[in-house]
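Here is the file entry33.cif (mmCIF, C-alpha atoms and all ligand atoms).
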data_entry
#
loop_
_atom_site.label_atom_id
_atom_site.label_comp_id
_atom_site.auth_asym_id
_atom_site.auth_seq_id
_atom_site.Cartn_x
_atom_site.Cartn_y
_atom_site.Cartn_z
CA MET I 5 -17.94 7.19 11.49
CA THR I 6 -17.79 4.86 14.46
CA THR I 7 -14.67 2.88 15.12
CA ASP I 8 -15.16 -0.63 16.23
CA ILE I 9 -12.16 -2.02 18.02
CA GLN I 10 -12.03 -5.77 18.20
CA PRO I 11 -9.24 -8.08 19.25
CA SER I 12 -7.44 -8.98 16.05
CA PRO I 13 -6.52 -12.57 15.41
CA SER I 14 -2.80 -12.50 14.80
CA PRO I 15 -0.88 -14.92 12.58
CA ALA I 16 0.49 -16.49 15.77
CA SER I 17 -3.01 -17.25 16.95
CA SER I 18 -3.98 -20.86 17.47
CA LEU I 19 -6.86 -20.55 15.00
CA THR I 20 -6.56 -22.45 11.74
CA PRO I 21 -6.80 -19.99 8.87
CA VAL I 22 -10.05 -20.37 6.96
CA LEU I 23 -8.12 -19.42 3.84
CA GLU I 24 -4.54 -19.42 2.69
CA MET I 25 -3.40 -18.36 -0.74
CA ARG I 26 0.26 -19.18 -1.37
CA GLY I 27 2.55 -18.05 -4.14
CA ILE I 28 -0.22 -16.97 -6.49
CA THR I 29 1.06 -15.88 -9.89
CA LYS I 30 -1.07 -14.74 -12.81
CA ARG I 31 -0.04 -13.40 -16.20
CA PHE I 32 -2.24 -11.82 -18.83
CA HIS I 33 -0.76 -12.26 -22.31
CA GLY I 34 2.64 -12.79 -20.70
CA VAL I 35 2.40 -9.64 -18.55
CA PRO I 36 2.45 -10.48 -14.82
CA ALA I 37 -0.54 -9.14 -12.86
CA LEU I 38 0.34 -11.11 -9.70
CA GLN I 39 3.71 -12.50 -8.66
CA GLY I 40 3.94 -15.01 -5.81
CA VAL I 41 1.21 -13.41 -3.71
CA ASN I 42 0.35 -14.78 -0.24
CA LEU I 43 -2.78 -14.07 1.75
CA THR I 44 -3.91 -15.60 5.07
CA ILE I 45 -7.44 -15.08 6.39
CA TYR I 46 -8.85 -16.15 9.78
CA PRO I 47 -12.48 -16.99 10.53
CA GLY I 48 -14.54 -14.06 11.76
CA GLU I 49 -12.15 -11.33 10.68
CA VAL I 50 -12.65 -8.43 8.35
CA HIS I 51 -9.49 -8.40 6.32
CA ALA I 52 -8.86 -5.31 4.23
CA LEU I 53 -7.02 -5.74 0.95
CA MET I 54 -5.39 -2.52 -0.13
CA GLY I 55 -3.23 -1.29 -2.97
CA GLU I 56 -3.18 1.31 -5.70
CA ASN I 57 -5.15 0.98 -8.96
CA GLY I 58 -3.86 -1.98 -10.92
CA ALA I 59 -2.05 -3.52 -7.91
CA GLY I 60 -3.84 -6.83 -8.54
CA LYS I 61 -6.52 -6.88 -5.83
CA SER I 62 -9.44 -7.79 -8.09
CA THR I 63 -7.39 -10.32 -10.01
CA LEU I 64 -6.38 -12.11 -6.79
CA MET I 65 -10.01 -12.25 -5.68
CA LYS I 66 -11.23 -13.45 -9.07
CA ILE I 67 -8.76 -16.32 -8.77
CA LEU I 68 -10.18 -17.14 -5.34
CA ALA I 69 -13.71 -17.09 -6.74
CA GLY I 70 -12.79 -19.27 -9.70
CA ALA I 71 -13.38 -16.59 -12.33
CA TYR I 72 -9.67 -16.77 -13.32
CA ILE I 73 -7.26 -19.66 -12.91
CA ALA I 74 -3.84 -18.91 -11.42
CA ASP I 75 -0.74 -19.84 -13.41
CA GLU I 76 1.03 -20.81 -10.20
CA GLY I 77 0.24 -21.10 -6.52
CA GLU I 78 -1.98 -22.97 -4.11
CA ILE I 79 -5.19 -22.30 -2.23
CA TYR I 80 -6.02 -23.92 1.13
CA VAL I 81 -9.46 -23.76 2.74
CA ASP I 82 -9.55 -24.94 6.38
CA GLY I 83 -6.05 -26.29 5.86
CA GLN I 84 -7.12 -28.48 2.94
CA ARG I 85 -5.72 -27.90 -0.55
CA LEU I 86 -8.52 -26.83 -2.88
CA ASN I 87 -8.20 -26.79 -6.63
CA ILE I 88 -10.50 -23.93 -7.69
CA THR I 89 -11.13 -24.38 -11.38
CA ASP I 90 -14.48 -22.63 -11.75
CA PRO I 91 -16.93 -20.44 -9.80
CA SER I 92 -19.06 -23.38 -8.67
CA THR I 93 -16.09 -25.07 -6.94
CA ALA I 94 -15.48 -21.83 -5.04
CA ARG I 95 -19.17 -21.46 -4.12
CA ARG I 96 -19.36 -25.04 -2.88
CA ALA I 97 -16.42 -24.26 -0.58
CA GLY I 98 -18.37 -21.28 0.78
CA ILE I 99 -16.43 -18.60 -1.10
CA ASN I 100 -18.44 -15.77 -2.63
CA LEU I 101 -17.29 -12.63 -4.40
CA ILE I 102 -19.32 -9.48 -4.74
CA TYR I 103 -17.85 -7.87 -7.80
CA GLN I 104 -16.69 -4.29 -8.22
CA GLU I 105 -19.25 -4.09 -11.01
CA LEU I 106 -22.48 -5.45 -9.47
CA ASN I 107 -23.74 -8.69 -10.84
CA VAL I 108 -27.53 -8.63 -10.70
CA ALA I 109 -30.20 -9.12 -13.36
CA PRO I 110 -32.28 -5.91 -13.08
CA ASN I 111 -35.37 -7.27 -14.85
CA LEU I 112 -35.74 -10.22 -12.46
CA THR I 113 -37.15 -10.18 -8.94
CA VAL I 114 -35.05 -10.18 -5.79
CA THR I 115 -35.87 -13.85 -5.16
CA GLU I 116 -35.05 -14.82 -8.75
CA ASN I 117 -31.69 -13.10 -8.38
CA ILE I 118 -30.94 -14.76 -5.06
CA PHE I 119 -31.76 -18.23 -6.39
CA MET I 120 -30.36 -17.81 -9.88
CA GLY I 121 -28.69 -21.05 -10.89
CA SER I 122 -29.83 -22.90 -7.76
CA GLU I 123 -33.61 -22.67 -8.02
CA LEU I 124 -35.71 -24.73 -5.62
CA ARG I 125 -38.15 -27.08 -7.31
CA ARG I 126 -41.17 -29.11 -6.42
CA GLY I 127 -41.22 -31.90 -8.97
CA GLN I 128 -40.75 -30.27 -12.38
CA LEU I 129 -42.01 -26.87 -11.22
CA LEU I 130 -40.21 -24.01 -9.57
CA ASP I 131 -41.14 -23.75 -5.90
CA ARG I 132 -41.63 -19.98 -5.91
CA GLU I 133 -43.31 -19.90 -2.54
CA ARG I 134 -40.46 -21.63 -0.74
CA MET I 135 -37.87 -19.50 -2.57
CA ASN I 136 -39.70 -16.30 -1.58
CA GLN I 137 -39.90 -17.46 2.05
CA GLU I 138 -36.24 -18.39 2.14
CA ALA I 139 -35.27 -15.08 0.49
CA GLU I 140 -37.40 -13.19 2.99
CA ARG I 141 -35.65 -14.94 5.88
CA VAL I 142 -32.15 -14.06 4.62
CA LEU I 143 -33.19 -10.49 3.75
CA GLN I 144 -34.65 -9.98 7.21
CA SER I 145 -31.45 -11.18 8.82
CA LEU I 146 -29.71 -8.44 6.84
CA GLY I 147 -32.23 -5.81 7.94
CA ALA I 148 -33.51 -5.25 4.39
CA THR I 149 -36.76 -3.35 3.99
CA PHE I 150 -37.66 -4.34 0.42
CA ALA I 151 -39.75 -7.34 -0.59
CA PRO I 152 -38.37 -10.47 -2.28
CA THR I 153 -40.95 -10.02 -5.04
CA ASN I 154 -39.66 -6.55 -6.02
CA LEU I 155 -37.91 -6.17 -9.36
CA VAL I 156 -34.20 -5.52 -8.78
CA SER I 157 -34.37 -2.57 -11.21
CA THR I 158 -36.52 -0.73 -8.65
CA LEU I 159 -33.84 -0.99 -5.93
CA SER I 160 -31.03 1.43 -5.12
CA ILE I 161 -27.42 0.36 -5.68
CA ALA I 162 -27.07 -0.23 -1.93
CA GLU I 163 -30.14 -2.49 -1.92
CA GLN I 164 -28.86 -4.37 -4.97
CA GLN I 165 -25.69 -5.02 -3.02
CA VAL I 166 -27.77 -6.47 -0.19
CA VAL I 167 -29.35 -8.81 -2.78
CA GLU I 168 -25.87 -10.01 -3.71
CA ILE I 169 -24.96 -10.50 -0.06
CA ALA I 170 -28.21 -12.43 0.46
CA ARG I 171 -27.32 -14.67 -2.49
CA ALA I 172 -23.95 -15.41 -0.91
CA LEU I 173 -25.46 -16.13 2.53
CA LYS I 174 -28.05 -18.44 1.10
CA ASP I 175 -25.11 -20.48 -0.23
CA ASN I 176 -23.72 -20.76 3.33
CA SER I 177 -20.90 -18.41 2.54
CA ARG I 178 -17.91 -18.58 4.92
CA ILE I 179 -15.59 -16.29 2.99
CA LEU I 180 -17.23 -13.23 1.52
CA VAL I 181 -15.20 -10.93 -0.70
CA MET I 182 -16.41 -7.41 -1.30
CA ASP I 183 -14.61 -5.47 -4.02
CA GLU I 184 -14.89 -1.73 -3.30
CA PRO I 185 -18.50 -2.07 -2.14
CA THR I 186 -18.96 1.54 -1.07
CA ALA I 187 -17.76 3.20 -4.29
CA ALA I 188 -21.32 4.11 -5.33
CA LEU I 189 -22.93 4.40 -1.87
CA SER I 190 -23.93 7.49 0.10
CA ASP I 191 -22.62 7.94 3.65
CA ARG I 192 -25.86 6.59 5.14
CA GLU I 193 -25.89 3.55 2.89
CA THR I 194 -22.23 2.95 3.76
CA GLU I 195 -23.05 2.96 7.50
CA ARG I 196 -25.85 0.46 6.86
CA LEU I 197 -23.49 -1.79 4.92
CA PHE I 198 -20.96 -1.60 7.76
CA GLU I 199 -23.63 -2.78 10.20
CA VAL I 200 -24.32 -5.75 7.95
CA ILE I 201 -20.59 -6.51 7.69
CA ARG I 202 -20.14 -6.36 11.48
CA LYS I 203 -23.07 -8.72 11.92
CA LEU I 204 -21.64 -11.19 9.40
CA ARG I 205 -18.32 -11.06 11.26
CA GLN I 206 -20.09 -11.87 14.51
CA ASP I 207 -21.59 -14.89 12.78
CA GLY I 208 -18.04 -16.09 12.10
CA ILE I 209 -17.89 -15.22 8.40
CA ALA I 210 -14.50 -14.06 7.14
CA ILE I 211 -14.76 -10.95 5.01
CA ILE I 212 -12.14 -9.76 2.57
CA TYR I 213 -12.81 -6.11 2.02
CA ILE I 214 -11.16 -4.25 -0.86
CA SER I 215 -11.02 -0.52 -0.40
CA HIS I 216 -8.93 2.52 -1.19
CA ARG I 217 -10.46 4.42 1.71
CA MET I 218 -8.40 4.65 4.84
CA GLU I 219 -11.32 5.59 7.11
CA GLU I 220 -13.25 2.47 6.06
CA VAL I 221 -10.31 0.27 6.86
CA TYR I 222 -10.10 1.91 10.29
CA ALA I 223 -13.80 1.45 10.88
CA LEU I 224 -13.89 -2.22 9.93
CA ALA I 225 -10.68 -4.12 9.53
CA ASN I 226 -9.09 -6.52 12.00
CA ARG I 227 -6.10 -6.83 9.68
CA VAL I 228 -4.98 -5.41 6.37
CA SER I 229 -2.81 -6.83 3.59
CA VAL I 230 -1.21 -4.67 0.93
CA LEU I 231 -0.39 -5.42 -2.69
CA ARG I 232 1.81 -3.28 -4.89
CA ASP I 233 2.47 -3.89 -8.60
CA GLY I 234 1.21 -7.46 -8.31
CA GLN I 235 3.39 -8.27 -5.30
CA TYR I 236 2.45 -9.00 -1.69
CA ILE I 237 4.05 -6.31 0.45
CA GLY I 238 2.86 -7.36 3.90
CA SER I 239 0.06 -7.40 6.48
CA LEU I 240 -0.67 -5.26 9.54
CA THR I 241 -2.86 -6.01 12.53
CA ARG I 242 -5.34 -3.41 13.66
CA ASP I 243 -2.92 -1.99 16.29
CA GLU I 244 -0.19 -1.60 13.69
CA ILE I 245 -2.32 0.25 11.14
CA SER I 246 -1.46 3.90 10.60
CA PRO I 247 -2.03 6.05 7.51
CA GLU I 248 1.73 6.66 7.20
CA ARG I 249 2.57 2.96 7.23
CA LEU I 250 -0.22 2.03 4.83
CA VAL I 251 0.69 4.73 2.33
CA GLN I 252 4.36 3.76 2.55
CA MET I 253 3.40 0.14 1.83
CA MET I 254 0.98 0.98 -0.97
CA VAL I 255 3.06 3.50 -2.93
CA GLY I 256 6.53 2.44 -1.83
CA ARG I 257 7.59 5.83 -0.52
CA PRO I 258 6.75 7.93 2.54
CA MET I 259 3.64 10.05 2.76
CA GLY I 260 5.60 13.34 2.81
CA ASP I 261 6.75 12.86 -0.78
CA PHE I 262 3.32 11.68 -1.75
CA TYR I 263 1.41 14.78 -0.85
CA GLU I 264 3.97 17.44 -1.72
CA HIS I 265 3.24 19.14 -4.98
CA GLN I 266 3.80 22.52 -6.50
CA ARG I 267 0.70 24.61 -6.26
CA GLN I 268 0.25 26.73 -9.35
CA THR I 269 -0.57 30.17 -8.04
CA ASN I 270 -1.39 32.12 -11.19
CA PRO I 271 -3.78 30.32 -13.52
CA GLY I 272 -4.03 31.61 -17.10
CA ASP I 273 -6.94 32.90 -19.17
CA VAL I 274 -10.46 31.56 -18.91
CA VAL I 275 -10.74 28.54 -21.22
CA LEU I 276 -14.14 27.07 -20.44
CA GLU I 277 -17.22 28.91 -19.29
CA VAL I 278 -20.46 27.16 -18.43
CA LYS I 279 -23.39 29.57 -18.19
CA ASN I 280 -26.73 28.56 -16.65
CA LEU I 281 -26.40 25.05 -18.02
CA SER I 282 -29.29 22.80 -17.00
CA GLY I 283 -30.87 19.52 -18.06
CA GLY I 284 -32.24 16.37 -16.44
CA LYS I 285 -31.91 16.85 -12.69
CA VAL I 286 -29.25 19.56 -13.04
CA HIS I 287 -30.51 23.05 -12.21
CA PRO I 288 -28.80 25.97 -13.95
CA CYS I 289 -25.06 25.76 -13.19
CA ASN I 290 -22.19 28.19 -13.75
CA LEU I 291 -18.55 27.20 -13.86
CA THR I 292 -15.33 28.81 -15.04
CA LEU I 293 -12.13 26.95 -15.84
CA ARG I 294 -8.81 28.69 -16.51
CA ALA I 295 -5.78 27.44 -18.39
CA GLY I 296 -3.51 25.33 -16.17
CA GLU I 297 -6.19 24.90 -13.53
CA ILE I 298 -7.65 21.77 -11.94
CA VAL I 299 -11.15 22.48 -10.67
CA GLY I 300 -12.67 19.95 -8.27
CA LEU I 301 -16.39 19.30 -8.55
CA ALA I 302 -17.49 18.24 -5.06
CA GLY I 303 -20.80 16.91 -3.80
CA LEU I 304 -22.47 13.89 -2.27
CA VAL I 305 -23.55 10.88 -4.28
CA GLY I 306 -26.54 11.98 -6.35
CA ALA I 307 -25.66 15.70 -6.19
CA GLY I 308 -25.38 15.84 -10.00
CA ARG I 309 -21.62 16.03 -10.59
CA THR I 310 -21.61 13.36 -13.29
CA GLU I 311 -24.78 14.77 -14.83
CA LEU I 312 -23.24 18.25 -15.13
CA SER I 313 -20.10 16.82 -16.77
CA ARG I 314 -22.25 14.85 -19.22
CA LEU I 315 -24.21 17.99 -20.12
CA ILE I 316 -20.99 19.89 -20.86
CA PHE I 317 -19.82 17.00 -23.03
CA GLY I 318 -23.13 16.73 -24.92
CA ALA I 319 -23.77 13.19 -23.69
CA ASP I 320 -27.20 14.24 -22.37
CA PRO I 321 -29.51 16.88 -23.86
CA LYS I 322 -29.47 20.27 -22.13
CA ALA I 323 -32.61 22.19 -21.22
CA SER I 324 -30.96 25.60 -21.08
CA GLY I 325 -27.62 27.35 -20.94
CA GLU I 326 -24.45 27.82 -22.92
CA VAL I 327 -20.92 26.44 -23.04
CA TRP I 328 -18.14 28.79 -24.15
CA LEU I 329 -14.62 27.76 -25.08
CA ASN I 330 -11.85 30.35 -25.48
CA GLY I 331 -14.40 33.15 -25.76
CA LYS I 332 -16.51 31.40 -28.40
CA LYS I 333 -19.96 29.95 -27.85
CA LEU I 334 -20.13 26.26 -28.76
CA GLU I 335 -23.01 24.37 -30.31
CA ILE I 336 -22.70 20.99 -28.60
CA HIS I 337 -25.44 18.49 -29.38
CA SER I 338 -23.44 15.26 -29.07
CA PRO I 339 -20.14 13.98 -27.67
CA GLY I 340 -18.83 14.18 -31.25
CA ASP I 341 -19.36 17.98 -31.22
CA ALA I 342 -17.53 18.24 -27.89
CA ILE I 343 -14.59 16.15 -29.10
CA ALA I 344 -14.36 18.23 -32.28
CA ALA I 345 -14.19 21.35 -30.10
CA GLY I 346 -11.32 19.82 -28.12
CA ILE I 347 -13.15 18.65 -24.99
CA GLY I 348 -12.37 15.17 -23.64
CA TYR I 349 -14.38 13.16 -21.10
CA VAL I 350 -13.20 10.29 -18.89
CA PRO I 351 -16.36 8.72 -17.44
CA GLU I 352 -16.65 7.29 -13.92
CA ASP I 353 -17.52 3.79 -15.09
CA ARG I 354 -14.41 3.06 -17.12
CA LYS I 355 -15.42 -0.44 -18.20
CA ASP I 356 -19.02 0.26 -19.15
CA GLN I 357 -18.80 3.75 -20.60
CA GLY I 358 -15.13 4.43 -21.26
CA LEU I 359 -13.61 1.48 -23.05
CA PHE I 360 -14.24 -1.23 -25.62
CA LEU I 361 -12.71 -4.05 -23.58
CA GLU I 362 -12.57 -6.50 -26.48
CA MET I 363 -10.44 -4.07 -28.53
CA THR I 364 -6.74 -3.29 -28.10
CA SER I 365 -5.47 -0.29 -26.11
CA GLY I 366 -4.24 1.23 -29.39
CA LYS I 367 -7.67 1.09 -31.00
CA ASN I 368 -9.33 2.44 -27.87
CA ILE I 369 -6.93 5.40 -27.78
CA THR I 370 -7.47 6.30 -31.43
CA LEU I 371 -11.21 5.60 -31.71
CA ASN I 372 -12.15 9.26 -31.42
CA MET I 373 -10.08 9.93 -34.54
CA LEU I 374 -12.09 7.58 -36.74
CA LYS I 375 -13.14 10.43 -39.03
CA GLN I 376 -9.57 11.53 -39.71
CA ASP I 377 -8.55 7.98 -40.39
CA SER I 378 -11.36 7.00 -42.71
CA LYS I 379 -11.57 7.50 -46.44
CA VAL I 380 -15.02 7.52 -48.06
CA GLY I 381 -16.46 5.87 -44.94
CA VAL I 382 -13.90 3.05 -44.74
CA ILE I 383 -11.83 2.85 -41.55
CA ASN I 384 -8.08 2.56 -41.96
CA TRP I 385 -7.47 0.20 -38.99
CA GLN I 386 -3.78 0.04 -39.75
CA SER I 387 -3.19 3.71 -39.06
CA LEU I 388 -5.43 3.50 -35.96
CA GLY I 389 -2.96 1.10 -34.28
N1 LIG I 401 -8.68 -9.57 -18.03
C1 LIG I 401 -7.50 -8.93 -18.04
N2 LIG I 401 -6.73 -8.92 -19.15
C2 LIG I 401 -5.51 -8.30 -19.17
N3 LIG I 401 -5.00 -7.63 -18.11
C3 LIG I 401 -5.72 -7.60 -16.98
C4 LIG I 401 -7.01 -8.23 -16.88
N4 LIG I 401 -7.48 -8.02 -15.63
C5 LIG I 401 -6.56 -7.29 -14.98
N5 LIG I 401 -5.51 -7.04 -15.78
C6 LIG I 401 -4.29 -6.29 -15.40
O1 LIG I 401 -3.81 -6.82 -14.18
C7 LIG I 401 -3.33 -5.80 -13.32
C8 LIG I 401 -4.07 -5.85 -12.00
O2 LIG I 401 -5.42 -5.45 -12.21
P1 LIG I 401 -6.55 -5.52 -11.10
O3 LIG I 401 -7.82 -5.18 -11.77
O4 LIG I 401 -6.46 -6.81 -10.40
O5 LIG I 401 -6.09 -4.34 -10.13
P2 LIG I 401 -6.85 -3.73 -8.87
O6 LIG I 401 -5.85 -3.73 -7.76
O7 LIG I 401 -8.14 -4.43 -8.65
O8 LIG I 401 -7.09 -2.22 -9.34
P3 LIG I 401 -8.32 -1.21 -9.04
O9 LIG I 401 -8.02 -0.61 -7.70
O10 LIG I 401 -8.17 -0.22 -10.13
O11 LIG I 401 -9.60 -1.98 -9.09
C9 LIG I 401 -3.52 -4.49 -14.07
O12 LIG I 401 -2.30 -4.15 -14.69
C10 LIG I 401 -4.57 -4.83 -15.09
O13 LIG I 401 -4.43 -4.03 -16.23
MG MG I 402 -10.13 -3.80 -8.74
#
Please rewrite the model in this file as structure tokens.
Ligand SMILES: Nc1ncnc2c1ncn2[C@@H]1O[C@H](COP(=O)(O)OP(=O)(O)OP(=O)(O)O)[C@@H](O)[C@H]1O
Ligand SMILES: [Mg+2]
Amino acid sequence: MTTDIQPSPSPASSLTPVLEMRGITKRFHGVPALQGVNLTIYPGEVHALMGENGAGKSTLMKILAGAYIADEGEIYVDGQRLNITDPSTARRAGINLIYQELNVAPNLTVTENIFMGSELRRGQLLDRERMNQEAERVLQSLGATFAPTNLVSTLSIAEQQVVEIARALKDNSRILVMDEPTAALSDRETERLFEVIRKLRQDGIAIIYISHRMEEVYALANRVSVLRDGQYIGSLTRDEISPERLVQMMVGRPMGDFYEHQRQTNPGDVVLEVKNLSGGKVHPCNLTLRAGEIVGLAGLVGAGRTELSRLIFGADPKASGEVWLNGKKLEIHSPGDAIAAGIGYVPEDRKDQGLFLEMTSGKNITLNMLKQDSKVGVINWQSLG
């Protein structure tokens, strides 16, 4: 990965910050997610926002984009106080957020996605020709190779992200927030995205870049700010960034403690055996898991790691192969069979596949016990929590 060293605007610089968030506090049902958080962003910088899971990064950015309203605190854009009460106020001020979970309509075209909510018209009619031309212009500036008339469902995740960036640029974005944009990208797609980001920076756009990945922060960031448990811990300029300092700031203790763990040297008996399991794009796979063992399943994006896990769990139909548990062959035809056999599955997309967000934590935890807690088909919600 190439490193791209740029002079970093420091807080002492004479530039006026394009954005200042001061004393931002947000509670969800009385539980604080952010407490008095500050963030200062200069024009033309890539500013990394780091912190562990649940530190409050997405919440802070959703407040900036008008998706949430802060309980306390102030936001200044170009030194002017801005009361961001909804997403359109943020967009009018040139603030755009590309969400952790992408926000495109797959069954619409690229142009329709880019102009959604701000369609160009000629009289009463939509001016499709002008919208396609305008979309083409923005896409070309981003080096995109797909056509504005393509359906978004035919694009890769990386290309869909470019559609979102194009939508932001068309709105004359000056502050672009990207929430973990590379999570689902291959190395090549990541490099492409970095080129786009560097180009946007050259054009003077400030980019707030949320990432857990140290090497990305090195490759891109002029400065980095760290949140921990909803609190602002501090900011570092590019010259001050080191893995040790960042880890210390993010987890609150030095890296030595962080990585030291007892390695279990003698795993127990074989618990799970996967024999020639195949299905979908997964060719026959073998895997053995022993008691007390953690087995890593490594591979590039698209290598089939998730697909293999889903086959074991019965979430997708298998074409061949067997799954054995404690020396007994299992008949798994659905996730229910796997759960009954004592196999759990935590999917990669926690919000879409893992949780019912509108239900309480208690109900989510006990949902897989519905059978035990039902009498003659009626759910006993009380005992479920
Ligand atoms: N809509 C919501 N309702 C209730 N609690 C929420 C909501 N959104 C976030 N939280 C809570 O606020 C805290 C901060 O969450 P947030 O998603 O901002 O963290 P994050 O730093 O983006 O984490 P990650 O790295 O996992 O994306 C967490 O404790 C989370 O559970
Ligand atoms: Mg987040």
Using all atoms listed in the file for the distances, tell me which of I:Met65, I:Leu291, I:Ala210, I:Leu146 is nearest to ligand LIG 401 (chain I).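 Smallest distance to ligand LIG 401 (chain I) is found for I:Met65.
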Set the distance at 10 Å and use only C-alpha atoms: which residues neighbour Lys61 of chain I once local chain neighbours fewer than 3 positions away are removed? I'd like the list as a ChimeraX atom specification. /I:37-38,53-58,64-66,183,214-215,230-234
Contacts of Asn330 of chain I at 8 Å (all atoms listed in the file; same-chain gap of 4+ positions) as a VMD selection string: chain I and resid 274 to 276
Could you check which residues have any atom within 9 Å of (-16.1, -27.8, 2.0), counting all atoms listed in the file with coordinates taken straight from the file, and then list them as an NGL selection string? :I and (81-82 or 96-98)
Using the file's own x, y and z axes, so that the box edges lie along x, y and z, what centre and edge lengths in Å (one decimal) does a box around every listed atom of segment 308-326 of chain I get when 3 Å is added on each side? Give it as AutoDock Vina command-line options.
--center_x -26.2 --center_y 20.5 --center_z -17.5 --size_x 18.8 --size_y 20.6 --size_z 20.9
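When all atoms listed in the file are used to compute distances to ligand LIG 401 (chain I), the closest of the residues I:Glu123, I:Glu138, I:Glu184, I:Glu219 turns out to be I:Glu184.
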